[in-house]
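Coordinates from start02.tsv are shown below (TSV, C-alpha atoms and all ligand atoms).
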```tsv
chain	number	residue	atom	x	y	z
A	1	MET	CA	0.00	0.00	0.00
A	2	SER	CA	1.35	3.43	-0.87
A	3	LYS	CA	2.10	5.80	1.98
A	4	PRO	CA	0.05	8.97	2.52
A	5	LYS	CA	1.69	12.09	1.09
A	6	ILE	CA	2.68	15.03	3.24
A	7	LEU	CA	4.51	18.33	2.72
A	8	VAL	CA	7.13	19.81	5.03
A	9	ALA	CA	6.93	23.48	4.09
A	10	ARG	CA	10.33	24.67	5.36
A	11	ALA	CA	13.76	23.17	6.00
A	12	ILE	CA	13.83	21.06	9.13
A	13	PHE	CA	16.08	18.70	11.12
A	14	PRO	CA	16.99	15.63	9.00
A	15	GLU	CA	16.11	13.36	11.95
A	16	VAL	CA	12.54	14.70	11.85
A	17	LEU	CA	12.30	14.12	8.09
A	18	ALA	CA	13.59	10.58	8.63
A	19	LYS	CA	10.95	9.94	11.28
A	20	LEU	CA	8.18	11.28	9.03
A	21	SER	CA	9.47	9.21	6.10
A	22	GLN	CA	8.82	6.00	8.05
A	23	HIS	CA	5.09	6.75	7.77
A	24	PHE	CA	4.67	9.06	4.79
A	25	GLU	CA	5.86	9.92	1.34
A	26	VAL	CA	7.45	13.21	2.27
A	27	SER	CA	7.98	16.22	0.00
A	28	SER	CA	10.17	18.69	1.83
A	29	ASN	CA	11.48	22.16	1.24
A	30	GLN	CA	15.03	21.49	2.43
A	31	ALA	CA	16.18	24.29	0.09
A	32	ASP	CA	14.17	26.51	2.45
A	33	GLU	CA	12.63	28.59	-0.34
A	34	LEU	CA	10.04	31.14	0.69
A	35	TRP	CA	6.92	30.12	-1.22
A	36	SER	CA	4.13	32.46	-2.26
A	37	PRO	CA	0.58	31.40	-1.31
A	38	ALA	CA	0.12	30.12	-4.90
A	39	GLN	CA	3.34	28.08	-4.69
A	40	LEU	CA	2.26	26.64	-1.34
A	41	ILE	CA	-1.07	25.61	-2.86
A	42	ALA	CA	0.76	23.98	-5.78
A	43	GLN	CA	3.09	22.09	-3.41
A	44	LEU	CA	0.13	20.89	-1.33
A	45	GLN	CA	-1.69	19.20	-4.21
A	46	GLY	CA	-2.38	15.57	-3.32
A	47	LYS	CA	-0.99	16.02	0.22
A	48	VAL	CA	-3.02	14.95	3.24
A	49	GLY	CA	-0.75	16.61	5.81
A	50	ALA	CA	1.31	19.77	6.08
A	51	PHE	CA	4.16	20.48	8.49
A	52	THR	CA	4.16	24.27	8.84
A	53	THR	CA	6.41	26.56	10.85
A	54	GLY	CA	4.27	29.59	11.58
A	55	GLY	CA	4.88	31.58	8.40
A	56	GLU	CA	2.54	29.71	6.07
A	57	ARG	CA	-0.97	31.13	5.90
A	58	ILE	CA	-3.65	28.41	5.97
A	59	ASP	CA	-6.95	30.08	5.13
A	60	ALA	CA	-10.26	29.38	3.39
A	61	ALA	CA	-8.88	30.07	-0.09
A	62	LEU	CA	-6.02	27.61	0.40
A	63	LEU	CA	-8.33	24.98	1.88
A	64	VAL	CA	-10.67	25.14	-1.13
A	65	ALA	CA	-7.68	24.72	-3.43
A	66	CYS	CA	-6.25	21.79	-1.40
A	67	PRO	CA	-9.19	19.41	-0.91
A	68	ASP	CA	-7.01	16.44	0.12
A	69	LEU	CA	-5.60	18.19	3.16
A	70	LYS	CA	-6.54	16.64	6.53
A	71	ILE	CA	-4.10	18.22	9.01
A	72	CYS	CA	-1.71	21.15	9.34
A	73	ALA	CA	0.78	20.78	12.18
A	74	ASN	CA	2.45	24.03	13.21
A	75	MET	CA	5.95	23.93	14.68
A	76	ALA	CA	5.06	26.93	16.85
A	77	VAL	CA	2.89	27.57	19.87
A	78	GLY	CA	1.43	30.65	18.15
A	79	TYR	CA	-0.98	29.87	15.33
A	80	ASN	CA	-2.13	33.20	13.94
A	81	ASN	CA	-1.10	31.85	10.51
A	82	PHE	CA	-4.07	29.46	10.77
A	83	ASP	CA	-7.68	30.45	10.18
A	84	VAL	CA	-8.86	27.81	12.66
A	85	ASP	CA	-12.56	28.44	11.98
A	86	ALA	CA	-12.04	27.90	8.25
A	87	MET	CA	-10.00	24.77	8.99
A	88	THR	CA	-12.74	23.40	11.25
A	89	ALA	CA	-15.37	24.12	8.59
A	90	ALA	CA	-13.23	22.30	6.04
A	91	GLY	CA	-12.65	19.35	8.41
A	92	VAL	CA	-8.91	20.04	8.58
A	93	LEU	CA	-7.20	19.48	11.93
A	94	ALA	CA	-4.95	22.26	13.25
A	95	THR	CA	-2.25	21.49	15.81
A	96	ASN	CA	0.37	23.70	17.47
A	97	ALA	CA	3.47	23.03	19.59
A	98	PRO	CA	2.85	24.25	23.13
A	99	ASP	CA	4.73	23.51	26.39
A	100	VAL	CA	7.98	22.25	24.89
A	101	LEU	CA	9.21	25.82	24.33
A	102	THR	CA	7.89	27.47	27.49
A	103	GLU	CA	11.06	27.62	29.61
A	104	THR	CA	13.40	28.39	26.69
A	105	THR	CA	11.16	31.25	25.57
A	106	ALA	CA	10.81	32.58	29.11
A	107	ASP	CA	14.62	32.50	29.45
A	108	PHE	CA	14.88	34.59	26.31
A	109	GLY	CA	12.21	37.05	27.42
A	110	PHE	CA	14.19	37.62	30.56
A	111	ALA	CA	17.47	37.93	28.65
A	112	LEU	CA	15.95	40.52	26.33
A	113	LEU	CA	14.56	42.40	29.32
A	114	MET	CA	17.97	42.51	30.96
A	115	ALA	CA	19.80	43.46	27.75
A	116	THR	CA	17.30	46.26	27.17
A	117	ALA	CA	17.15	47.66	30.69
A	118	ARG	CA	20.94	47.56	31.07
A	119	ARG	CA	21.58	48.90	27.55
A	120	MET	CA	23.82	46.02	26.51
A	121	ALA	CA	23.37	46.29	22.74
A	122	GLU	CA	23.80	50.05	22.64
A	123	SER	CA	26.94	49.95	24.79
A	124	GLU	CA	28.43	47.07	22.80
A	125	HIS	CA	27.97	49.00	19.54
A	126	PHE	CA	29.70	51.96	21.18
A	127	LEU	CA	32.62	49.79	22.23
A	128	ARG	CA	32.93	48.04	18.86
A	129	ALA	CA	32.91	51.41	17.12
A	130	GLY	CA	36.05	52.33	19.08
A	131	LYS	CA	34.30	55.13	20.96
A	132	TRP	CA	35.27	53.96	24.49
A	133	THR	CA	38.09	56.27	25.52
A	134	LYS	CA	37.26	56.91	29.19
A	135	TRP	CA	34.94	55.83	32.01
A	136	GLY	CA	31.96	58.09	32.70
A	137	PHE	CA	29.89	58.28	35.88
A	138	ASP	CA	26.60	57.94	34.00
A	139	MET	CA	27.86	56.13	30.92
A	140	PHE	CA	25.09	53.79	29.67
A	141	ALA	CA	23.32	54.00	33.02
A	142	GLY	CA	20.22	51.85	32.72
A	143	SER	CA	17.43	50.82	35.01
A	144	ASP	CA	17.43	48.16	37.73
A	145	ILE	CA	15.76	44.82	37.35
A	146	HIS	CA	15.94	43.61	40.96
A	147	GLY	CA	13.25	45.01	43.20
A	148	SER	CA	11.44	46.71	40.32
A	149	THR	CA	7.89	46.15	39.11
A	150	LEU	CA	7.52	43.59	36.32
A	151	GLY	CA	4.34	43.89	34.27
A	152	ILE	CA	3.20	41.01	32.09
A	153	LEU	CA	0.51	41.36	29.45
A	154	GLY	CA	-0.78	37.87	28.61
A	155	MET	CA	-0.29	35.42	31.46
A	156	GLY	CA	-0.18	32.05	29.75
A	157	ARG	CA	2.53	29.46	30.25
A	158	ILE	CA	5.37	31.67	28.97
A	159	GLY	CA	4.14	34.70	30.92
A	160	GLN	CA	4.09	32.57	34.07
A	161	GLY	CA	7.65	31.42	33.37
A	162	ILE	CA	8.80	35.03	33.13
A	163	ALA	CA	6.88	35.95	36.29
A	164	LYS	CA	8.59	33.15	38.25
A	165	ARG	CA	12.02	34.21	37.05
A	166	GLY	CA	11.32	37.80	38.05
A	167	ALA	CA	9.71	37.10	41.42
A	168	HIS	CA	11.99	34.32	42.66
A	169	GLY	CA	15.25	35.23	40.96
A	170	PHE	CA	15.21	39.02	41.10
A	171	GLY	CA	12.77	39.91	43.88
A	172	MET	CA	10.53	41.73	41.42
A	173	ASN	CA	7.02	42.82	42.26
A	174	VAL	CA	4.96	41.05	39.57
A	175	ILE	CA	1.68	42.39	38.20
A	176	TYR	CA	-0.20	41.04	35.21
A	177	HIS	CA	-3.17	41.64	32.98
A	178	ASN	CA	-4.90	38.75	31.25
A	179	ARG	CA	-8.29	37.80	29.81
A	180	SER	CA	-8.92	35.69	32.91
A	181	GLN	CA	-7.47	35.61	36.41
A	182	LEU	CA	-5.07	32.78	37.25
A	183	ASP	CA	-6.16	30.37	39.96
A	184	ALA	CA	-4.94	31.26	43.44
A	185	ALA	CA	-2.27	28.53	43.55
A	186	THR	CA	-0.72	29.66	40.24
A	187	GLU	CA	-0.84	33.31	41.31
A	188	ALA	CA	0.94	32.36	44.53
A	189	GLU	CA	3.56	30.34	42.63
A	190	CYS	CA	4.20	33.30	40.31
A	191	LYS	CA	3.84	35.81	43.17
A	192	ALA	CA	1.72	37.77	40.69
A	193	ARG	CA	-1.24	40.10	41.13
A	194	LEU	CA	-3.94	40.79	38.51
A	195	VAL	CA	-4.39	44.48	37.64
A	196	SER	CA	-6.25	46.46	34.99
A	197	LYS	CA	-4.45	47.14	31.72
A	198	GLU	CA	-4.26	50.81	32.68
A	199	GLU	CA	-2.63	50.07	36.04
A	200	LEU	CA	-0.23	47.67	34.34
A	201	LEU	CA	0.86	50.34	31.87
A	202	LYS	CA	1.15	53.05	34.50
A	203	THR	CA	3.04	51.12	37.17
A	204	ALA	CA	5.29	48.60	35.38
A	205	ASP	CA	8.98	49.43	35.30
A	206	HIS	CA	9.37	46.66	32.73
A	207	LEU	CA	6.47	45.49	30.61
A	208	VAL	CA	6.71	42.14	28.81
A	209	LEU	CA	4.20	41.21	26.10
A	210	VAL	CA	3.38	37.51	25.88
A	211	LEU	CA	-0.17	37.50	24.51
A	212	PRO	CA	-1.35	35.75	21.34
A	213	TYR	CA	-1.91	37.84	18.22
A	214	SER	CA	-5.50	38.24	17.04
A	215	ALA	CA	-7.72	40.97	15.64
A	216	GLN	CA	-8.42	41.91	19.29
A	217	SER	CA	-4.74	42.22	20.25
A	218	HIS	CA	-3.73	44.11	17.09
A	219	HIS	CA	-1.93	47.28	18.24
A	220	ALA	CA	-2.71	46.50	21.90
A	221	ILE	CA	0.27	48.77	22.50
A	222	GLY	CA	-0.02	51.97	20.47
A	223	ALA	CA	0.59	55.66	21.06
A	224	ALA	CA	-2.09	55.97	23.76
A	225	GLU	CA	-0.76	53.00	25.75
A	226	LEU	CA	2.87	54.10	25.41
A	227	ALA	CA	1.89	57.53	26.72
A	228	LEU	CA	0.59	55.90	29.92
A	229	MET	CA	3.91	54.18	30.62
A	230	LYS	CA	6.67	55.60	32.83
A	231	PRO	CA	9.39	57.55	31.00
A	232	THR	CA	11.88	55.18	32.67
A	233	ALA	CA	10.03	52.04	31.56
A	234	THR	CA	11.18	49.32	29.18
A	235	LEU	CA	8.89	47.41	26.81
A	236	ILE	CA	9.66	43.86	25.66
A	237	ASN	CA	7.79	42.11	22.83
A	238	ILE	CA	8.43	38.38	22.43
A	239	ALA	CA	4.84	37.64	21.37
A	240	ARG	CA	3.99	38.62	17.79
A	241	GLY	CA	4.52	41.50	15.45
A	242	GLY	CA	1.38	43.61	15.18
A	243	ILE	CA	0.67	43.60	18.91
A	244	VAL	CA	2.82	46.74	19.08
A	245	ASP	CA	2.30	49.62	16.68
A	246	ASP	CA	5.95	49.78	15.62
A	247	ALA	CA	5.67	53.29	14.12
A	248	ALA	CA	4.21	54.60	17.39
A	249	LEU	CA	6.98	52.83	19.29
A	250	VAL	CA	9.69	54.47	17.19
A	251	HIS	CA	8.12	57.84	18.00
A	252	ALA	CA	7.95	57.00	21.73
A	253	LEU	CA	11.57	55.83	21.81
A	254	ARG	CA	12.79	58.94	20.01
A	255	ASN	CA	10.81	61.24	22.30
A	256	LYS	CA	11.75	59.29	25.44
A	257	THR	CA	8.10	58.61	26.20
A	258	ILE	CA	9.57	55.32	27.43
A	259	ALA	CA	13.26	54.59	28.06
A	260	ALA	CA	13.88	51.56	25.86
A	261	ALA	CA	12.41	48.56	24.07
A	262	GLY	CA	13.49	45.01	23.27
A	263	LEU	CA	11.84	43.43	20.25
A	264	ASP	CA	12.06	39.85	19.00
A	265	VAL	CA	9.02	40.19	16.70
A	266	PHE	CA	7.97	42.86	14.21
A	267	GLU	CA	5.09	44.01	12.07
A	268	GLY	CA	5.61	42.50	8.61
A	269	GLU	CA	8.72	40.49	9.65
A	270	PRO	CA	11.22	39.54	8.37
A	271	LYS	CA	10.97	43.07	7.01
A	272	LEU	CA	10.81	45.67	9.71
A	273	ASN	CA	10.09	49.33	10.08
A	274	PRO	CA	13.43	50.82	8.90
A	275	ASP	CA	13.14	53.60	11.48
A	276	LEU	CA	13.72	51.01	14.21
A	277	LEU	CA	17.27	50.60	12.90
A	278	THR	CA	17.98	54.27	13.52
A	279	VAL	CA	16.82	54.31	17.15
A	280	PRO	CA	19.61	53.57	19.66
A	281	ASN	CA	17.43	52.64	22.63
A	282	VAL	CA	16.03	49.45	21.16
A	283	VAL	CA	17.43	45.92	21.18
A	284	LEU	CA	16.44	43.98	18.06
A	285	THR	CA	16.57	40.20	17.59
A	286	PRO	CA	15.23	38.13	14.64
A	287	HIS	CA	12.42	36.07	16.25
A	288	ILE	CA	14.72	33.72	18.15
A	289	ALA	CA	13.00	33.39	21.53
A	290	SER	CA	12.52	29.62	21.15
A	291	ALA	CA	15.84	29.10	19.38
A	292	THR	CA	17.88	26.51	21.23
A	293	ILE	CA	18.59	23.27	19.42
A	294	PRO	CA	16.94	21.00	22.05
A	295	THR	CA	13.80	23.14	22.08
A	296	ARG	CA	13.54	23.53	18.32
A	297	LYS	CA	13.97	19.74	18.03
A	298	ALA	CA	11.24	19.18	20.63
A	299	MET	CA	8.92	21.55	18.71
A	300	ALA	CA	9.65	19.79	15.41
A	301	HIS	CA	9.14	16.33	16.91
A	302	LEU	CA	5.84	17.42	18.45
A	303	ALA	CA	4.61	18.69	15.07
A	304	ALA	CA	5.76	15.44	13.44
A	305	ASP	CA	4.09	13.34	16.16
A	306	ASN	CA	0.83	15.22	15.57
A	307	LEU	CA	1.00	14.32	11.88
A	308	ILE	CA	1.90	10.69	12.56
A	309	GLY	CA	-0.66	10.30	15.36
A	310	TYR	CA	-3.53	11.82	13.43
A	311	LEU	CA	-2.89	10.32	10.02
A	312	THR	CA	-2.07	6.81	11.28
A	313	GLN	CA	-4.23	6.45	14.41
A	314	ASN	CA	-6.71	9.35	14.37
A	315	LYS	CA	-5.05	10.74	17.50
A	316	ALA	CA	-3.56	14.19	17.81
A	317	LEU	CA	-1.42	15.29	20.75
A	318	THR	CA	-2.12	19.02	20.73
A	319	PRO	CA	-5.23	19.73	18.63
A	320	LEU	CA	-6.54	23.28	18.32
A	321	ASN	CA	-9.90	22.20	16.88
A	322	PRO	CA	-10.46	18.77	18.49
A	323	ALA	CA	-14.01	18.64	17.09
A	324	VAL	CA	-12.40	17.72	13.77
A	325	VAL	CA	-10.83	14.60	15.36
A	326	ALA	CA	-14.17	13.56	16.86
A	327	GLN	CA	-15.98	14.00	13.53
A	328	ARG	CA	-13.47	12.05	11.45
A	329	PRO	CA	-14.54	8.51	10.69
A	330	SER	CA	-12.19	6.08	12.46
A	331	LEU	CA	-9.44	4.67	10.30
A	401	LIG	C1	8.70	29.97	16.34
A	401	LIG	C2	7.09	31.21	17.88
A	401	LIG	O1	10.06	29.85	16.22
A	401	LIG	O2	6.24	29.20	18.75
A	401	LIG	C3	5.99	30.34	18.37
A	401	LIG	O3	4.84	30.80	18.38
A	401	LIG	O4	6.92	32.35	17.71
A	401	LIG	C4	8.45	30.65	17.65
A	401	LIG	O5	8.79	29.80	18.68
A	401	LIG	C5	8.16	30.63	15.12
A	401	LIG	O6	6.77	30.74	15.15
A	401	LIG	C6	8.54	29.85	13.89
A	401	LIG	O7	8.18	28.50	14.05
```
This entry written out as structure tokens:
Amino acid sequence: MSKPKILVARAIFPEVLAKLSQHFEVSSNQADELWSPAQLIAQLQGKVGAFTTGGERIDAALLVACPDLKICANMAVGYNNFDVDAMTAAGVLATNAPDVLTETTADFGFALLMATARRMAESEHFLRAGKWTKWGFDMFAGSDIHGSTLGILGMGRIGQGIAKRGAHGFGMNVIYHNRSQLDAATEAECKARLVSKEELLKTADHLVLVLPYSAQSHHAIGAAELALMKPTATLINIARGGIVDDAALVHALRNKTIAAAGLDVFEGEPKLNPDLLTVPNVVLTPHIASATIPTRKAMAHLAADNLIGYLTQNKALTPLNPAVVAQRPSL
């Protein structure tokens, strides 16, 4: 019997391709070309599964054009590249890759916070440019992490990881704003207190964004929100581009409405607002918060296991629209 056909839409670890090949006839994009939506549709013809990495848009138009598709497995916890409602309507299972990246991503959020507050990138550029000729009493003076107030917008698993690092490691006073309040035990573990969004903006010394992107969170931080923040505050975005209005942020950084920002994600990435490159008080990284080899392997294996589980046994590990699994006739 011939194996079901799947597509791996970006380059991935050879060991993951080998694992998938035990179950499927695999077409893979090991050349790592960036496909247009039309090219993705062409590549998906006759494929029952797709291994996606967060950049491939799966929407109603694609689903109509790819009638054989049964599952798209994202190698990312975020899934704003999926129109989950359209996938459910088309009977296509959506899966993401939660949990395996939580601690690695929280580590990075904290690293970016520290680099930003203590002006590490700016001072390193100064040094590399040969400008360091003498010590100065206020040279690259930043803001303290320890004992300060850490604000977290979006208190899911990664937000909780950052809260724990801040509260237990650095004695920070942790406040958060979220759609729903955490249970008392989790709040106690994170030493975190729920506040309104306005209080969060006004009182945080460091504000970390860890909320999912959606139409509702688009530009959750714009000019009005930045104006509420302390002029000494730092803003960290490890969530998704589009949650921050990058043009408004450039303006706020130039005018010292806030002190500094650390960004791992950008509107329209991998392109970014060119003005960001001209602002000294921002630390910029290319969407690498989950980038350690063990974690990226764990994410890739989880996506692969979702494909294998669903297409061979009708079982998915981390379904986003489990109703699709229930409706599918058993194999
Ligand atoms: C991914 C991420 O590296 O998991 C997510 O949501 O943002 C990152 O960990 C990125 O989406 C590409 O897979």
Requested in this report: Counting only C-alpha atoms, note down every residue that has an atom within 12 Å of the point (1.8, 27.4, 17.5) (file coordinates), as an NGL selection string.
Outcome: :A and (51-56 or 72-82 or 84 or 94-102 or 212-213 or 239-240 or 290 or 299-300 or 302-303 or 318-320)
**Report entry** Sel. within 12 Å of pt (-15.3, 21.3, 7.2), counting all atoms listed in the file, output as number ranges by chain
**Finding:** A: 60, 63-64, 67-71, 84-93, 321, 323-325, 327-328
Query raised in the report: Skipping near chain neighbours, those fewer than 2 positions away, what residues fall within 7 Å of region 18-30 of chain A using only C-alpha atoms, listed as a PyMOL selection string?
Result: chain A and resi 3-12+14-16+32-33+304+308
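Take CA of Gly147 (chain A) and CA of Arg165 (chain A): the distance between them is 12.5 Å.
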Requested in this report: Go through A:Val265, A:Ala326, A:Ile258, A:Leu207 one by one, measure the shortest atom-to-atom distance of each to Lys230 (chain A) using all atoms listed in the file, and give the residue with the smallest value.
Outcome: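 Selected residue with least distance to Lys230 (chain A): A:Ile258.
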Query - Minimum-distance residue to Ser180 (chain A), chosen among A:Leu284, A:Leu153, A:Val208, A:Leu200 (using all atoms listed in the file) - result: A:Leu153
